[in-house]
$ cat coords04.pdb   # PDB, C-alpha atoms
ATOM      1  CA  MET A 182       2.471 -13.726  10.181
ATOM      2  CA  ASP A 183      -1.317 -13.881  10.435
ATOM      3  CA  GLU A 184      -3.636 -12.012   8.071
ATOM      4  CA  VAL A 185      -4.457  -9.150  10.470
ATOM      5  CA  THR A 186      -0.785  -8.528  11.284
ATOM      6  CA  PHE A 187       0.090  -8.633   7.586
ATOM      7  CA  ALA A 188      -2.668  -6.102   6.823
ATOM      8  CA  ALA A 189      -1.526  -3.865   9.681
ATOM      9  CA  THR A 190       2.088  -4.038   8.491
ATOM     10  CA  THR A 191       0.978  -3.125   4.971
ATOM     11  CA  MET A 192      -1.069  -0.220   6.336
ATOM     12  CA  ALA A 193       1.835   1.035   8.433
ATOM     13  CA  ALA A 194       4.113   0.991   5.381
ATOM     14  CA  ALA A 195       1.495   2.944   3.432
ATOM     15  CA  PHE A 196       1.200   5.499   6.248
ATOM     16  CA  LEU A 197       4.945   6.000   6.512
ATOM     17  CA  THR A 198       5.337   6.522   2.775
ATOM     18  CA  GLN A 199       2.405   8.860   2.153
ATOM     19  CA  ALA A 200       3.162  10.809  -1.006
ATOM     20  CA  THR A 201       2.192  14.224   0.383
ATOM     21  CA  GLN A 202       2.457  16.007   3.714
ATOM     22  CA  GLU A 203      -1.307  16.567   3.590
ATOM     23  CA  GLY A 204      -1.899  12.832   3.226
ATOM     24  CA  TYR A 205       0.420  12.101   6.125
ATOM     25  CA  GLN A 206      -1.338  14.688   8.323
ATOM     26  CA  ARG A 207      -4.691  12.954   7.672
ATOM     27  CA  VAL A 208      -3.144   9.641   8.691
ATOM     28  CA  ARG A 209      -1.506  11.151  11.780
ATOM     29  CA  GLU A 210      -4.756  12.785  12.936
ATOM     30  CA  ALA A 211      -6.742   9.576  12.408
ATOM     31  CA  ILE A 212      -4.233   7.482  14.346
ATOM     32  CA  GLY A 213      -4.308  10.052  17.172
ATOM     33  CA  ARG A 214      -8.128   9.892  17.241
ATOM     34  CA  LEU A 215      -8.066   6.103  17.303
ATOM     35  CA  ILE A 216      -5.505   6.038  20.130
ATOM     36  CA  ARG A 217      -7.628   8.436  22.202
ATOM     37  CA  ARG A 218     -10.865   6.539  21.467
ATOM     38  CA  SER A 219      -9.248   3.265  22.497
ATOM     39  CA  GLY A 220      -8.743   4.636  26.001
ATOM     40  CA  GLN A 221      -5.010   5.225  25.615
ATOM     41  CA  GLY A 222      -5.242   9.001  25.376
ATOM     42  CA  ASP A 223      -2.276   9.488  27.692
ATOM     43  CA  GLU A 224      -0.088   7.613  25.164
ATOM     44  CA  ALA A 225      -1.308   9.543  22.107
ATOM     45  CA  ALA A 226       1.335  12.279  22.083
ATOM     46  CA  ALA A 227       4.237   9.849  22.566
ATOM     47  CA  ARG A 228       2.907   7.495  19.872
ATOM     48  CA  LEU A 229       2.446  10.345  17.407
ATOM     49  CA  GLU A 230       5.975  11.620  18.081
ATOM     50  CA  CYS A 231       7.239   8.104  17.390
ATOM     51  CA  LEU A 232       5.227   8.040  14.144
ATOM     52  CA  ASP A 233       6.794  11.373  13.134
ATOM     53  CA  ARG A 234      10.308  10.082  13.899
ATOM     54  CA  ASP A 235       9.682   6.931  11.879
ATOM     55  CA  ARG A 236       8.351   8.929   8.933
ATOM     56  CA  THR A 237      11.380  11.235   9.067
ATOM     57  CA  ALA A 238      13.694   8.216   9.146
ATOM     58  CA  VAL A 239      11.938   6.805   6.069
ATOM     59  CA  ALA A 240      12.100  10.138   4.228
ATOM     60  CA  GLU A 241      15.788  10.634   5.028
ATOM     61  CA  ALA A 242      16.886   7.053   4.370
ATOM     62  CA  PRO A 243      19.284   6.562   1.454
ATOM     63  CA  ALA A 244      17.524   5.217  -1.624
ATOM     64  CA  GLY A 245      19.135   1.783  -1.356
ATOM     65  CA  ASN A 246      18.189   1.453   2.317
ATOM     66  CA  ARG A 247      14.709   2.972   2.250
ATOM     67  CA  ASP A 248      12.764  -0.286   1.840
ATOM     68  CA  ALA A 249      14.515  -1.815   4.859
ATOM     69  CA  VAL A 250      13.737   1.258   6.974
ATOM     70  CA  VAL A 251      10.078   1.163   5.888
ATOM     71  CA  ARG A 252       9.839  -2.564   6.682
ATOM     72  CA  ALA A 253      11.400  -2.182  10.131
ATOM     73  CA  ALA A 254       9.135   0.728  11.067
ATOM     74  CA  ALA A 255       6.040  -0.988   9.652
ATOM     75  CA  ILE A 256       6.770  -4.150  11.650
ATOM     76  CA  ALA A 257       7.124  -2.054  14.797
ATOM     77  CA  TRP A 258       3.817  -0.262  14.106
ATOM     78  CA  ALA A 259       1.816  -3.379  13.195
ATOM     79  CA  PRO A 260       1.030  -4.427  16.810
ATOM     80  CA  VAL A 261      -0.105  -0.884  17.615
ATOM     81  CA  LEU A 262      -2.466  -0.850  14.633
ATOM     82  CA  VAL A 263      -3.748  -4.346  15.431
ATOM     83  CA  ARG A 264      -4.568  -3.259  19.010
ATOM     84  CA  LEU A 265      -6.352  -0.175  17.695
ATOM     85  CA  ALA A 266      -8.346  -2.279  15.246
ATOM     86  CA  GLU A 267      -9.286  -4.759  17.981
ATOM     87  CA  SER A 268     -10.340  -2.067  20.467
ATOM     88  CA  GLU A 269     -12.457  -0.073  18.014
ATOM     89  CA  PRO A 270     -14.962  -1.847  15.750
ATOM     90  CA  VAL A 271     -14.616   0.762  12.996
ATOM     91  CA  ALA A 272     -10.874   1.261  13.391
ATOM     92  CA  TYR A 273      -9.861  -1.407  10.902
ATOM     93  CA  ALA A 274     -12.072   0.027   8.163
ATOM     94  CA  GLU A 275     -10.896   3.564   8.897
ATOM     95  CA  LEU A 276      -7.243   2.533   8.832
ATOM     96  CA  LEU A 277      -7.753   0.570   5.632
ATOM     97  CA  ALA A 278      -9.406   3.566   3.954
ATOM     98  CA  LEU A 279      -6.515   5.788   5.027
ATOM     99  CA  ALA A 280      -3.977   3.322   3.679
ATOM    100  CA  ARG A 281      -5.641   3.537   0.280
ATOM    101  CA  GLN A 282      -5.701   7.354   0.240
ATOM    102  CA  ASP A 283      -3.108   9.500  -1.437
ATOM    103  CA  ARG A 284      -2.007   6.688  -3.718
ATOM    104  CA  GLN A 285      -0.815   7.671  -7.129
ATOM    105  CA  THR A 286      -2.917   6.195  -9.877
ATOM    106  CA  SER A 287      -2.096   5.881 -13.506
ATOM    107  CA  VAL A 288      -4.222   5.577 -16.602
ATOM    108  CA  VAL A 289      -2.839   4.253 -19.831
ATOM    109  CA  ASN A 290      -4.656   4.616 -23.124
ATOM    110  CA  GLN A 291      -3.328   2.169 -25.658
ATOM    111  CA  HIS A 292      -4.288   2.013 -29.321
ATOM    112  CA  ASN A 293      -2.874  -0.859 -31.312
ATOM    113  CA  HIS A 294      -2.755  -0.787 -35.116
ATOM    114  CA  GLY A 295      -1.281  -3.156 -37.634
ATOM    115  CA  THR A 296      -0.917  -6.883 -37.876
ATOM    116  CA  GLY A 297       0.764  -9.282 -35.525
ATOM    117  CA  THR A 298       0.549 -10.235 -31.889
ATOM    118  CA  PHE A 299       0.298  -7.330 -29.445
ATOM    119  CA  ILE A 300       2.180  -7.828 -26.170
ATOM    120  CA  ASN A 301       2.394  -4.907 -23.730
ATOM    121  CA  GLY A 302       1.701  -2.441 -26.509
ATOM    122  CA  ASN A 303       4.287  -3.829 -28.918
ATOM    123  CA  VAL A 304       3.776  -5.791 -32.078
ATOM    124  CA  GLU A 305       5.795  -8.968 -31.658
ATOM    125  CA  GLY A 306       6.167 -10.570 -35.083
ATOM    126  CA  GLY A 307       3.422 -11.784 -37.322
ATOM    127  CA  LEU A 308       0.883 -14.432 -36.534
ATOM    128  CA  THR A 309       0.184 -17.042 -39.174
ATOM    129  CA  ILE A 310      -2.471 -19.679 -38.744
ATOM    130  CA  ASN A 311      -2.503 -22.479 -41.272
ATOM    131  CA  HIS A 312      -5.982 -23.798 -40.743
ATOM    132  CA  GLY A 313      -6.487 -27.203 -42.180
ATOM    133  CA  ALA A 314      -2.865 -27.851 -43.086
ATOM    134  CA  GLY A 315      -2.442 -30.432 -40.316
ATOM    135  CA  ASN A 316      -5.846 -32.054 -40.743
ATOM    136  CA  ASP A 317      -4.740 -34.449 -43.473
ATOM    137  CA  ARG A 318      -1.824 -35.740 -41.470
ATOM    138  CA  HIS A 319      -2.162 -39.209 -40.011
ATOM    139  CA  ASP A 320       0.497 -40.899 -37.899
TER     140      ASP A 320
END
$ encode --input "coords04.pdb" --output "structure tokens"
Amino acid sequence: MDEVTFAATTMAAAFLTQATQEGYQRVREAIGRLIRRSGQGDEAAARLECLDRDRTAVAEAPAGNRDAVVRAAAIAWAPVLVRLAESEPVAYAELLALARQDRQTSVVNQHNHGTGTFINGNVEGGLTINHGAGNDRHD
């Protein structure tokens, strides 16, 4: 899989798993605009209906099967997104920006106190350095 197809597949997966309905609507509208601008306006409605069906299939997929459904739909959408990106100079940037929207972010504030080695917020044993103890050793 080349880099552009991989990026398009990743974007399609992000679009199909948008966390909110509002986020998905922004994606849907942008894809519709891009389809119309690319000269394929007569295909826009059918493509958007397909996008809606794929999103519904992802949302309704059983938890253990969801990733496979997302992957299959994303692979099917990748060529469409690649064509849109190739036909519109700004399409790739617009699609990339949309893929990054509506992502949950997390902030972790960590304060470590005490002695020892800190690994992922936990103190893992004590750390002892015996400086000079091995300097007198000659083999």
$ atom_distance --input "coords04.pdb" --atom1 "CA of Val239 in chain A" --atom2 "CA of Ala254 in chain A"
8.4 Å
$ residues_around --input "coords04.pdb" --residues "Thr190 in chain A" --least-positions-apart "2" --cutoff "12 Å" --atoms "all atoms listed in the file" --output "list of chain:residue names"
A:Met182, A:Asp183, A:Glu184, A:Val185, A:Thr186, A:Phe187, A:Ala188, A:Met192, A:Ala193, A:Ala194, A:Ala195, A:Phe196, A:Leu197, A:Val251, A:Arg252, A:Ala253, A:Ala254, A:Ala255, A:Ile256, A:Ala257, A:Trp258, A:Ala259, A:Pro260, A:Val261, A:Leu262, A:Val263, A:Leu276, A:Leu277, A:Ala280
$ atom_distance --input "coords04.pdb" --atom1 "CA of Arg209 in chain A" --atom2 "CA of Arg228 in chain A"
9.9 Å
$ atom_distance --input "coords04.pdb" --atom1 "CA of Gly245 in chain A" --atom2 "CA of Leu279 in chain A"
26.7 Å
$ residues_around --input "coords04.pdb" --residues "Gln221 in chain A" --least-positions-apart "3" --cutoff "12 Å" --atoms "all atoms listed in the file" --output "list in words"
Ile212, Gly213, Arg214, Leu215, Ile216, Arg217, Arg218, Glu224, Ala225, Ala226, Ala227, Arg228, Val261, Arg264, Leu265, Ser268 and Glu269 of chain A
$ closest_residue --input "coords04.pdb" --among "A:Ala266, A:Val250, A:Ala278, A:Val208" --to "Thr237 in chain A" --atoms "all atoms listed in the file"
A:Val250
$ closest_residue --input "coords04.pdb" --among "A:Glu267, A:Tyr205, A:Asn246, A:Ala274" --to "Leu232 in chain A" --atoms "all atoms listed in the file"
A:Tyr205
